[in-house]
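Source file query_13.pdb; content: PDB, C-alpha atoms and all ligand atoms.
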ATOM      1  CA  MET A1224      29.032  -1.499  -0.267
ATOM      2  CA  THR A1225      26.775  -0.443   2.578
ATOM      3  CA  ALA A1226      23.352   0.592   1.354
ATOM      4  CA  GLN A1227      21.683   3.873   2.098
ATOM      5  CA  ILE A1228      18.627   3.272   4.289
ATOM      6  CA  ILE A1229      15.441   4.676   2.756
ATOM      7  CA  ASP A1230      13.552   6.294   5.632
ATOM      8  CA  GLY A1231       9.876   5.653   4.874
ATOM      9  CA  LYS A1232       8.858   6.868   8.309
ATOM     10  CA  ALA A1233      10.320  10.337   7.715
ATOM     11  CA  PHE A1234       9.061  10.483   4.118
ATOM     12  CA  SER A1235       5.542   9.439   5.143
ATOM     13  CA  ALA A1236       5.510  12.150   7.829
ATOM     14  CA  LYS A1237       6.308  14.680   5.096
ATOM     15  CA  VAL A1238       3.467  13.360   2.905
ATOM     16  CA  ARG A1239       1.034  13.440   5.847
ATOM     17  CA  GLY A1240       2.099  17.023   6.555
ATOM     18  CA  GLN A1241       1.338  17.972   2.931
ATOM     19  CA  VAL A1242      -2.035  16.224   3.163
ATOM     20  CA  ALA A1243      -2.868  18.107   6.384
ATOM     21  CA  GLU A1244      -1.958  21.440   4.719
ATOM     22  CA  HIS A1245      -4.200  20.596   1.758
ATOM     23  CA  VAL A1246      -7.054  19.706   4.139
ATOM     24  CA  THR A1247      -6.636  23.040   5.947
ATOM     25  CA  ARG A1248      -6.941  24.878   2.601
ATOM     26  CA  LEU A1249      -9.987  22.831   1.528
ATOM     27  CA  LYS A1250     -11.736  23.706   4.792
ATOM     28  CA  ALA A1251     -10.801  27.387   4.740
ATOM     29  CA  ASP A1252     -11.365  28.078   1.027
ATOM     30  CA  HIS A1253     -14.207  25.679   0.154
ATOM     31  CA  GLY A1254     -15.789  24.605   3.457
ATOM     32  CA  LEU A1255     -14.902  20.978   2.617
ATOM     33  CA  THR A1256     -13.753  18.298   5.067
ATOM     34  CA  PRO A1257     -12.500  15.136   3.345
ATOM     35  CA  GLY A1258     -14.054  12.048   4.952
ATOM     36  CA  LEU A1259     -12.806   8.450   5.010
ATOM     37  CA  ALA A1260     -15.020   5.504   5.953
ATOM     38  CA  VAL A1261     -13.247   2.303   7.007
ATOM     39  CA  VAL A1262     -15.224  -0.922   7.259
ATOM     40  CA  LEU A1263     -13.876  -3.824   9.313
ATOM     41  CA  VAL A1264     -15.695  -7.145   9.357
ATOM     42  CA  GLY A1265     -14.647  -9.508  12.147
ATOM     43  CA  GLU A1266     -11.843  -9.420  14.674
ATOM     44  CA  ASP A1267      -8.650 -10.259  12.819
ATOM     45  CA  PRO A1268      -5.988  -8.832  15.204
ATOM     46  CA  ALA A1269      -3.689  -7.462  12.470
ATOM     47  CA  SER A1270      -6.657  -5.812  10.702
ATOM     48  CA  GLN A1271      -7.779  -4.244  13.986
ATOM     49  CA  VAL A1272      -4.332  -2.677  14.421
ATOM     50  CA  TYR A1273      -4.348  -1.316  10.839
ATOM     51  CA  VAL A1274      -7.875   0.077  11.135
ATOM     52  CA  ARG A1275      -7.101   1.813  14.437
ATOM     53  CA  SER A1276      -3.998   3.355  12.914
ATOM     54  CA  LYS A1277      -5.901   4.518   9.810
ATOM     55  CA  GLY A1278      -8.588   6.194  11.941
ATOM     56  CA  LYS A1279      -6.013   7.932  14.146
ATOM     57  CA  GLN A1280      -3.977   9.273  11.229
ATOM     58  CA  THR A1281      -7.120  10.380   9.368
ATOM     59  CA  ILE A1282      -8.126  12.540  12.325
ATOM     60  CA  GLU A1283      -4.562  13.837  12.803
ATOM     61  CA  ALA A1284      -4.636  15.044   9.182
ATOM     62  CA  GLY A1285      -7.782  17.076   9.973
ATOM     63  CA  MET A1286     -10.153  14.787   8.065
ATOM     64  CA  ALA A1287     -13.373  13.086   9.167
ATOM     65  CA  SER A1288     -13.066   9.404  10.087
ATOM     66  CA  PHE A1289     -16.053   7.049   9.988
ATOM     67  CA  GLU A1290     -15.378   3.588  11.428
ATOM     68  CA  HIS A1291     -17.807   0.730  10.871
ATOM     69  CA  LYS A1292     -16.971  -2.394  12.839
ATOM     70  CA  LEU A1293     -19.191  -5.309  11.898
ATOM     71  CA  ASP A1294     -19.569  -8.723  13.435
ATOM     72  CA  ALA A1295     -17.678 -11.596  11.738
ATOM     73  CA  SER A1296     -21.053 -13.217  10.928
ATOM     74  CA  THR A1297     -22.385 -10.136   9.066
ATOM     75  CA  SER A1298     -24.315 -11.192   5.962
ATOM     76  CA  GLU A1299     -23.248 -10.125   2.478
ATOM     77  CA  ALA A1300     -26.577  -8.309   2.061
ATOM     78  CA  ASP A1301     -25.972  -6.233   5.218
ATOM     79  CA  LEU A1302     -22.418  -5.365   4.169
ATOM     80  CA  LEU A1303     -23.577  -4.366   0.666
ATOM     81  CA  ALA A1304     -26.346  -2.225   2.207
ATOM     82  CA  LEU A1305     -23.778  -0.372   4.329
ATOM     83  CA  ILE A1306     -21.542   0.224   1.283
ATOM     84  CA  ASP A1307     -24.557   1.483  -0.645
ATOM     85  CA  GLN A1308     -25.292   3.963   2.131
ATOM     86  CA  LEU A1309     -21.638   5.144   2.200
ATOM     87  CA  ASN A1310     -21.638   5.453  -1.606
ATOM     88  CA  THR A1311     -24.396   8.056  -1.418
ATOM     89  CA  ASP A1312     -23.232   9.875   1.748
ATOM     90  CA  PRO A1313     -21.810  13.250   0.663
ATOM     91  CA  ALA A1314     -19.627  13.475   3.820
ATOM     92  CA  VAL A1315     -17.802  10.281   2.770
ATOM     93  CA  HIS A1316     -15.250  10.775  -0.010
ATOM     94  CA  GLY A1317     -13.275   7.563   0.470
ATOM     95  CA  ILE A1318     -14.388   4.036   1.382
ATOM     96  CA  LEU A1319     -12.029   1.253   2.450
ATOM     97  CA  VAL A1320     -13.191  -2.262   3.272
ATOM     98  CA  GLN A1321     -10.363  -3.904   5.211
ATOM     99  CA  LEU A1322      -9.183  -7.195   3.690
ATOM    100  CA  PRO A1323      -9.158 -10.096   4.155
ATOM    101  CA  LEU A1324     -12.907 -10.591   4.604
ATOM    102  CA  PRO A1325     -14.397 -13.629   6.370
ATOM    103  CA  ASP A1326     -14.704 -16.610   3.997
ATOM    104  CA  HIS A1327     -18.489 -16.396   3.539
ATOM    105  CA  LEU A1328     -18.183 -12.955   1.907
ATOM    106  CA  ASP A1329     -17.335 -12.580  -1.800
ATOM    107  CA  GLU A1330     -14.376 -10.181  -1.811
ATOM    108  CA  ALA A1331     -14.636  -9.212  -5.500
ATOM    109  CA  LEU A1332     -18.376  -8.576  -5.230
ATOM    110  CA  VAL A1333     -17.902  -6.406  -2.142
ATOM    111  CA  ILE A1334     -15.004  -4.381  -3.595
ATOM    112  CA  ASN A1335     -16.845  -3.827  -6.871
ATOM    113  CA  SER A1336     -19.897  -2.524  -5.015
ATOM    114  CA  ILE A1337     -17.882   0.513  -3.829
ATOM    115  CA  ALA A1338     -18.428   3.578  -6.043
ATOM    116  CA  PRO A1339     -15.202   3.682  -8.135
ATOM    117  CA  GLU A1340     -14.642   7.379  -7.393
ATOM    118  CA  LYS A1341     -14.716   6.599  -3.634
ATOM    119  CA  ASP A1342     -12.524   3.486  -3.951
ATOM    120  CA  VAL A1343      -9.423   4.923  -2.222
ATOM    121  CA  ASP A1344      -7.806   1.448  -2.255
ATOM    122  CA  GLY A1345      -7.887   1.416  -6.066
ATOM    123  CA  PHE A1346      -9.113  -2.206  -6.040
ATOM    124  CA  HIS A1347     -12.387  -1.717  -7.960
ATOM    125  CA  ILE A1348     -12.267  -3.366 -11.380
ATOM    126  CA  SER A1349     -12.817   0.049 -13.041
ATOM    127  CA  ASN A1350      -9.788   1.518 -11.305
ATOM    128  CA  VAL A1351      -7.700  -1.551 -12.168
ATOM    129  CA  GLY A1352      -8.656  -1.126 -15.835
ATOM    130  CA  LEU A1353      -8.056   2.635 -15.817
ATOM    131  CA  LEU A1354      -4.576   2.170 -14.326
ATOM    132  CA  ALA A1355      -3.724  -0.575 -16.826
ATOM    133  CA  THR A1356      -4.737   1.666 -19.734
ATOM    134  CA  GLY A1357      -2.900   4.742 -18.407
ATOM    135  CA  GLN A1358      -6.020   6.729 -17.496
ATOM    136  CA  LYS A1359      -6.800   8.771 -14.403
ATOM    137  CA  SER A1360      -7.731   6.370 -11.589
ATOM    138  CA  MET A1361      -7.433   5.707  -7.894
ATOM    139  CA  VAL A1362      -4.032   4.060  -7.394
ATOM    140  CA  PRO A1363      -3.529   1.330  -4.743
ATOM    141  CA  CYS A1364      -1.816   2.783  -1.680
ATOM    142  CA  THR A1365       1.094   0.408  -1.075
ATOM    143  CA  PRO A1366       2.425   0.442  -4.677
ATOM    144  CA  LEU A1367       1.886   4.220  -4.803
ATOM    145  CA  GLY A1368       3.968   4.568  -1.626
ATOM    146  CA  CYS A1369       6.716   2.392  -3.155
ATOM    147  CA  LEU A1370       6.710   4.519  -6.320
ATOM    148  CA  MET A1371       7.029   7.728  -4.294
ATOM    149  CA  LEU A1372      10.050   6.310  -2.438
ATOM    150  CA  LEU A1373      11.639   5.178  -5.720
ATOM    151  CA  ARG A1374      11.129   8.546  -7.436
ATOM    152  CA  ASP A1375      12.515  10.339  -4.382
ATOM    153  CA  GLN A1376      15.557   8.060  -4.364
ATOM    154  CA  LEU A1377      16.282   7.775  -8.066
ATOM    155  CA  GLY A1378      14.554  10.703  -9.771
ATOM    156  CA  ASN A1379      13.592   9.675 -13.297
ATOM    157  CA  LEU A1380      12.976   5.902 -13.495
ATOM    158  CA  SER A1381      12.867   5.776 -17.311
ATOM    159  CA  GLY A1382      14.706   2.829 -18.846
ATOM    160  CA  LEU A1383      15.588   1.141 -15.555
ATOM    161  CA  ASN A1384      15.161  -2.618 -15.184
ATOM    162  CA  ALA A1385      12.601  -3.315 -12.460
ATOM    163  CA  VAL A1386      11.736  -6.726 -11.035
ATOM    164  CA  VAL A1387       8.590  -7.079  -8.953
ATOM    165  CA  ILE A1388       8.567 -10.303  -6.954
ATOM    166  CA  GLY A1389       4.939 -11.222  -6.283
ATOM    167  CA  ARG A1390       1.831 -11.015  -8.445
ATOM    168  CA  SER A1391      -0.923 -10.071  -6.000
ATOM    169  CA  ASN A1392      -3.764  -7.775  -7.016
ATOM    170  CA  ILE A1393      -3.013  -5.508  -4.038
ATOM    171  CA  VAL A1394       0.717  -4.979  -4.619
ATOM    172  CA  GLY A1395       2.521  -6.909  -7.377
ATOM    173  CA  LYS A1396       0.280  -6.242 -10.385
ATOM    174  CA  PRO A1397      -0.439  -2.542  -9.705
ATOM    175  CA  MET A1398       3.247  -1.984  -8.823
ATOM    176  CA  ALA A1399       4.226  -3.364 -12.219
ATOM    177  CA  GLN A1400       1.694  -1.058 -13.929
ATOM    178  CA  LEU A1401       3.057   2.002 -12.111
ATOM    179  CA  LEU A1402       6.674   1.159 -12.985
ATOM    180  CA  LEU A1403       5.653   0.604 -16.603
ATOM    181  CA  ARG A1404       3.904   3.987 -16.597
ATOM    182  CA  ASP A1405       7.236   5.482 -15.473
ATOM    183  CA  SER A1406       8.924   3.758 -18.462
ATOM    184  CA  CYS A1407      10.770   1.031 -16.570
ATOM    185  CA  THR A1408      11.408  -2.329 -18.217
ATOM    186  CA  VAL A1409       9.319  -4.479 -15.905
ATOM    187  CA  THR A1410       9.494  -8.162 -15.030
ATOM    188  CA  ILE A1411       6.938  -9.734 -12.698
ATOM    189  CA  ALA A1412       8.474 -12.727 -10.954
ATOM    190  CA  HIS A1413       6.585 -15.191  -8.771
ATOM    191  CA  SER A1414       6.713 -18.609  -7.150
ATOM    192  CA  ARG A1415       6.984 -20.415 -10.511
ATOM    193  CA  THR A1416       9.719 -18.166 -11.963
ATOM    194  CA  LYS A1417      12.752 -20.161 -13.093
ATOM    195  CA  ASP A1418      16.161 -19.051 -11.795
ATOM    196  CA  LEU A1419      14.801 -16.137  -9.804
ATOM    197  CA  ALA A1420      18.343 -15.241  -8.679
ATOM    198  CA  ALA A1421      19.358 -14.557 -12.294
ATOM    199  CA  VAL A1422      16.203 -12.518 -12.930
ATOM    200  CA  VAL A1423      16.798 -10.406  -9.812
ATOM    201  CA  ARG A1424      20.486  -9.948 -10.671
ATOM    202  CA  GLY A1425      19.490  -7.968 -13.785
ATOM    203  CA  ALA A1426      17.392  -5.470 -11.825
ATOM    204  CA  ASP A1427      18.207  -1.862 -11.004
ATOM    205  CA  ILE A1428      15.008  -1.840  -8.913
ATOM    206  CA  VAL A1429      13.737  -4.789  -6.861
ATOM    207  CA  VAL A1430      10.301  -4.670  -5.238
ATOM    208  CA  ALA A1431       9.788  -7.693  -2.991
ATOM    209  CA  ALA A1432       6.172  -8.527  -2.171
ATOM    210  CA  VAL A1433       6.012 -12.293  -1.742
ATOM    211  CA  GLY A1434       5.098 -12.608   1.925
ATOM    212  CA  ARG A1435       7.988 -14.940   2.728
ATOM    213  CA  PRO A1436      10.388 -13.904   5.500
ATOM    214  CA  GLU A1437      13.903 -12.958   4.338
ATOM    215  CA  PHE A1438      13.282 -14.679   0.992
ATOM    216  CA  VAL A1439      15.642 -12.521  -1.120
ATOM    217  CA  PRO A1440      19.318 -12.874  -0.112
ATOM    218  CA  GLY A1441      21.901 -10.208  -0.801
ATOM    219  CA  ASP A1442      23.820 -12.370  -3.287
ATOM    220  CA  TRP A1443      20.837 -12.286  -5.712
ATOM    221  CA  LEU A1444      21.163  -8.509  -6.039
ATOM    222  CA  LYS A1445      22.984  -6.424  -8.614
ATOM    223  CA  PRO A1446      25.482  -4.223  -6.732
ATOM    224  CA  GLY A1447      23.992  -0.773  -6.239
ATOM    225  CA  ALA A1448      20.372  -1.875  -6.841
ATOM    226  CA  THR A1449      17.523  -0.028  -5.111
ATOM    227  CA  VAL A1450      15.504  -2.474  -2.995
ATOM    228  CA  ILE A1451      11.946  -1.872  -1.816
ATOM    229  CA  ASP A1452      10.796  -4.439   0.741
ATOM    230  CA  VAL A1453       7.008  -4.657   1.037
ATOM    231  CA  GLY A1454       7.018  -7.728   3.302
ATOM    232  CA  ILE A1455       5.900  -7.611   6.912
ATOM    233  CA  ASN A1456       6.526 -11.016   8.500
ATOM    234  CA  ARG A1457       6.474 -11.799  12.179
ATOM    235  CA  LEU A1458       9.088 -14.308  13.369
ATOM    236  CA  ASP A1459       9.586 -15.822  16.816
ATOM    237  CA  ALA A1460      12.456 -14.115  18.627
ATOM    238  CA  PRO A1461      13.263 -16.248  21.703
ATOM    239  CA  GLU A1462      16.500 -14.231  22.121
ATOM    240  CA  LYS A1463      14.288 -11.251  23.076
ATOM    241  CA  GLY A1464      12.458 -13.275  25.725
ATOM    242  CA  GLU A1465       9.763 -15.931  25.860
ATOM    243  CA  GLY A1466       6.903 -15.406  23.411
ATOM    244  CA  LYS A1467       8.606 -12.369  21.810
ATOM    245  CA  THR A1468       8.542 -11.770  18.085
ATOM    246  CA  ARG A1469      10.366  -9.557  15.586
ATOM    247  CA  LEU A1470       9.277  -8.126  12.260
ATOM    248  CA  VAL A1471      11.256  -8.951   9.130
ATOM    249  CA  GLY A1472      10.702  -8.176   5.466
ATOM    250  CA  ASP A1473      10.802 -10.366   2.357
ATOM    251  CA  VAL A1474      14.458  -9.397   1.884
ATOM    252  CA  ASP A1475      17.328 -10.586   4.060
ATOM    253  CA  PHE A1476      18.252  -7.124   5.260
ATOM    254  CA  ALA A1477      21.686  -7.990   6.709
ATOM    255  CA  SER A1478      23.119  -9.454   3.491
ATOM    256  CA  ALA A1479      21.131  -7.215   1.102
ATOM    257  CA  SER A1480      22.347  -4.013   2.736
ATOM    258  CA  GLU A1481      25.931  -5.099   1.923
ATOM    259  CA  VAL A1482      25.148  -5.190  -1.820
ATOM    260  CA  ALA A1483      22.272  -2.780  -2.525
ATOM    261  CA  GLY A1484      22.735   0.922  -3.176
ATOM    262  CA  ALA A1485      19.639   1.750  -1.143
ATOM    263  CA  ILE A1486      17.096  -0.340   0.765
ATOM    264  CA  THR A1487      13.931   0.131   2.799
ATOM    265  CA  PRO A1488      14.031  -1.264   6.345
ATOM    266  CA  VAL A1489      11.251  -3.316   7.969
ATOM    267  CA  PRO A1490       9.673  -1.786   9.944
ATOM    268  CA  GLY A1491       9.946   1.891   8.970
ATOM    269  CA  GLY A1492      10.135   1.575   5.195
ATOM    270  CA  VAL A1493       7.094   0.925   2.996
ATOM    271  CA  GLY A1494       4.616   0.339   5.873
ATOM    272  CA  PRO A1495       4.110   3.962   6.951
ATOM    273  CA  MET A1496       3.811   5.056   3.309
ATOM    274  CA  THR A1497       0.635   3.005   2.794
ATOM    275  CA  ILE A1498      -1.520   5.021   5.208
ATOM    276  CA  ALA A1499       0.013   8.322   4.031
ATOM    277  CA  CYS A1500      -1.068   7.430   0.474
ATOM    278  CA  LEU A1501      -4.527   6.417   1.708
ATOM    279  CA  LEU A1502      -4.939   9.898   3.207
ATOM    280  CA  ALA A1503      -3.647  11.479  -0.017
ATOM    281  CA  ASN A1504      -6.103   9.384  -2.081
ATOM    282  CA  THR A1505      -8.973  10.511   0.164
ATOM    283  CA  VAL A1506      -8.094  14.170  -0.439
ATOM    284  CA  THR A1507      -7.861  13.457  -4.188
ATOM    285  CA  ALA A1508     -11.312  11.806  -4.090
ATOM    286  CA  CYS A1509     -12.746  14.806  -2.204
ATOM    287  CA  CYS A1510     -11.286  17.273  -4.747
ATOM    288  CA  ARG A1511     -12.576  15.242  -7.724
ATOM    289  CA  ALA A1512     -16.051  14.953  -6.141
ATOM    290  CA  ASN A1513     -16.213  18.719  -5.778
ATOM    291  CA  GLY A1514     -14.885  19.681  -9.173
TER     292      GLY A1514
HETATM  293  N1  LIG B   1      -5.300  -5.556   3.865
HETATM  294  C1  LIG B   1      -3.946  -5.525   3.712
HETATM  295  N2  LIG B   1      -3.578  -4.468   2.960
HETATM  296  C2  LIG B   1      -4.715  -3.820   2.627
HETATM  297  C3  LIG B   1      -4.980  -2.640   1.879
HETATM  298  O1  LIG B   1      -4.078  -1.984   1.331
HETATM  299  N3  LIG B   1      -6.285  -2.299   1.771
HETATM  300  C4  LIG B   1      -7.285  -3.032   2.345
HETATM  301  N4  LIG B   1      -8.532  -2.616   2.154
HETATM  302  N5  LIG B   1      -7.074  -4.122   3.053
HETATM  303  C5  LIG B   1      -5.796  -4.506   3.196
END
Go through the file and emit its structure as structure tokens.
Ligand code: GUN
Amino acid sequence: MTAQIIDGKAFSAKVRGQVAEHVTRLKADHGLTPGLAVVLVGEDPASQVYVRSKGKQTIEAGMASFEHKLDASTSEADLLALIDQLNTDPAVHGILVQLPLPDHLDEALVINSIAPEKDVDGFHISNVGLLATGQKSMVPCTPLGCLMLLRDQLGNLSGLNAVVIGRSNIVGKPMAQLLLRDSCTVTIAHSRTKDLAAVVRGADIVVAAVGRPEFVPGDWLKPGATVIDVGINRLDAPEKGEGKTRLVGDVDFASASEVAGAITPVPGGVGPMTIACLLANTVTACCRANG
């Protein structure tokens, strides 16, 4: 079997187009411009790339982008003061503090200082609890993007066996909650799971979010399974020239695409969906803030 390739780039462009249309209507009908504030502390190169991309796509969607770049040595008190100011700024509907934070800053304290209704990452403890209890919340962007791809691919997910590999707060746990909400039978696997191959073999849906390059081989998969690869790992690629690298996912794409029914590529699968969902969450936050 040769798997269908799930085109996250094309799907995310469609979502961003819908967001832009919604923004146009909000401006024309209600005089509202959704605004997203992104806070970056320090100079982590990968975070800088993400933040630049978020700002660019926010503006392209017709929204207001507020970037706050702080020195790596910024004190917790100064960061909390900035968040406090953004919490009360009526032009800011969404706040995102880029993770990871420098070690001297308490990540949980910082995230939980964001007003829950502006927490477009869905990481605030209130949003985590609301999602877990099936109530209206902000939903984390990467798992939301994965769910949109799965629904588009499979339609109704009810009754399907889903295995999420990885138990992070950002992806694995919220992904499991979303699949459960769609009536999947959900297993969360992780580094201590026994006989992971056998667990994965029972899955109609596999979401890989372990952060280990090409960790899931094709022969673990059930034939016809739908595979969502959240991993973004950079490997040396001397064949492309000295110092060159290539991006790979958490799934061994070559062997998996021989067995799966459908699979997301890396890059061009889940990655572009994350920012599209961030923009969608910002519009949602703006609408909720204005009744
Ligand atoms: N760092 C890596 N992924 C994310 C994300 O989804 N949100 C934030 N705030 N930081 C991240």
For stretch 1333-1348 of chain A, list every protein, DNA or RNA residue within 7 Å, evaluated using all atoms listed in the file, and leave out those in the same chain fewer than 2 positions away; present the list as a PyMOL selection string.
-> chain A and resi 1303+1306+1310+1316-1319+1329-1331+1350-1352+1361-1364+1501+1504-1505+1508
Could you turn the residues from that selection into a file that holds C-alpha atoms, as a short mmCIF file (atom, residue, chain, number, x, y, z; two decimals), in the coordinates of the input?
data_model
loop_
_atom_site.label_atom_id
_atom_site.label_comp_id
_atom_site.auth_asym_id
_atom_site.auth_seq_id
_atom_site.Cartn_x
_atom_site.Cartn_y
_atom_site.Cartn_z
CA LEU A 1303 -23.58 -4.37 0.67
CA ILE A 1306 -21.54 0.22 1.28
CA ASN A 1310 -21.64 5.45 -1.61
CA HIS A 1316 -15.25 10.78 -0.01
CA GLY A 1317 -13.28 7.56 0.47
CA ILE A 1318 -14.39 4.04 1.38
CA LEU A 1319 -12.03 1.25 2.45
CA ASP A 1329 -17.34 -12.58 -1.80
CA GLU A 1330 -14.38 -10.18 -1.81
CA ALA A 1331 -14.64 -9.21 -5.50
CA ASN A 1350 -9.79 1.52 -11.30
CA VAL A 1351 -7.70 -1.55 -12.17
CA GLY A 1352 -8.66 -1.13 -15.84
CA MET A 1361 -7.43 5.71 -7.89
CA VAL A 1362 -4.03 4.06 -7.39
CA PRO A 1363 -3.53 1.33 -4.74
CA CYS A 1364 -1.82 2.78 -1.68
CA LEU A 1501 -4.53 6.42 1.71
CA ASN A 1504 -6.10 9.38 -2.08
CA THR A 1505 -8.97 10.51 0.16
CA ALA A 1508 -11.31 11.81 -4.09
#
Using only C-alpha atoms, which of A:Asn1456, A:Ser1235, A:Thr1225, A:Thr1507 sits nearest A:Thr1468?
-> A:Asn1456
As JSON, please: the centre and edge lengths in Å, to one decimal, of an axis-aligned box enclosing every listed atom of ligand LIG 1 (chain B) with 4 Å added on each side.
{"center_x": -6.1, "center_y": -3.8, "center_z": 2.6, "size_x": 13.0, "size_y": 11.6, "size_z": 10.5}
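Checking A:Met1398, A:Val1262, A:Ala1295, A:Ile1388 one by one against ligand LIG 1 (chain B), counting all atoms listed in the file, you find the shortest gap at A:Val1262.
With distances restricted to only C-alpha atoms and all ligand atoms, A:Met1496 is the closest residue to ligand LIG 1 (chain B) from A:Ala1483, A:Cys1509, A:Leu1377, A:Met1496.
The set of protein, DNA and RNA residues with any counted atom at most 10 Å from (-6.6, 19.0, 11.0) (all atoms listed in the file) reads Gly1240, Val1242, Ala1243, Glu1244, His1245, Val1246, Thr1247, Lys1250, Thr1256, Thr1281, Ile1282, Glu1283, Ala1284, Gly1285, Met1286 and Ala1287 of chain A.
The gap separating atom CA of A:Leu1403 from atom CA of A:Leu1353 is 13.9 Å, in Å to one decimal.
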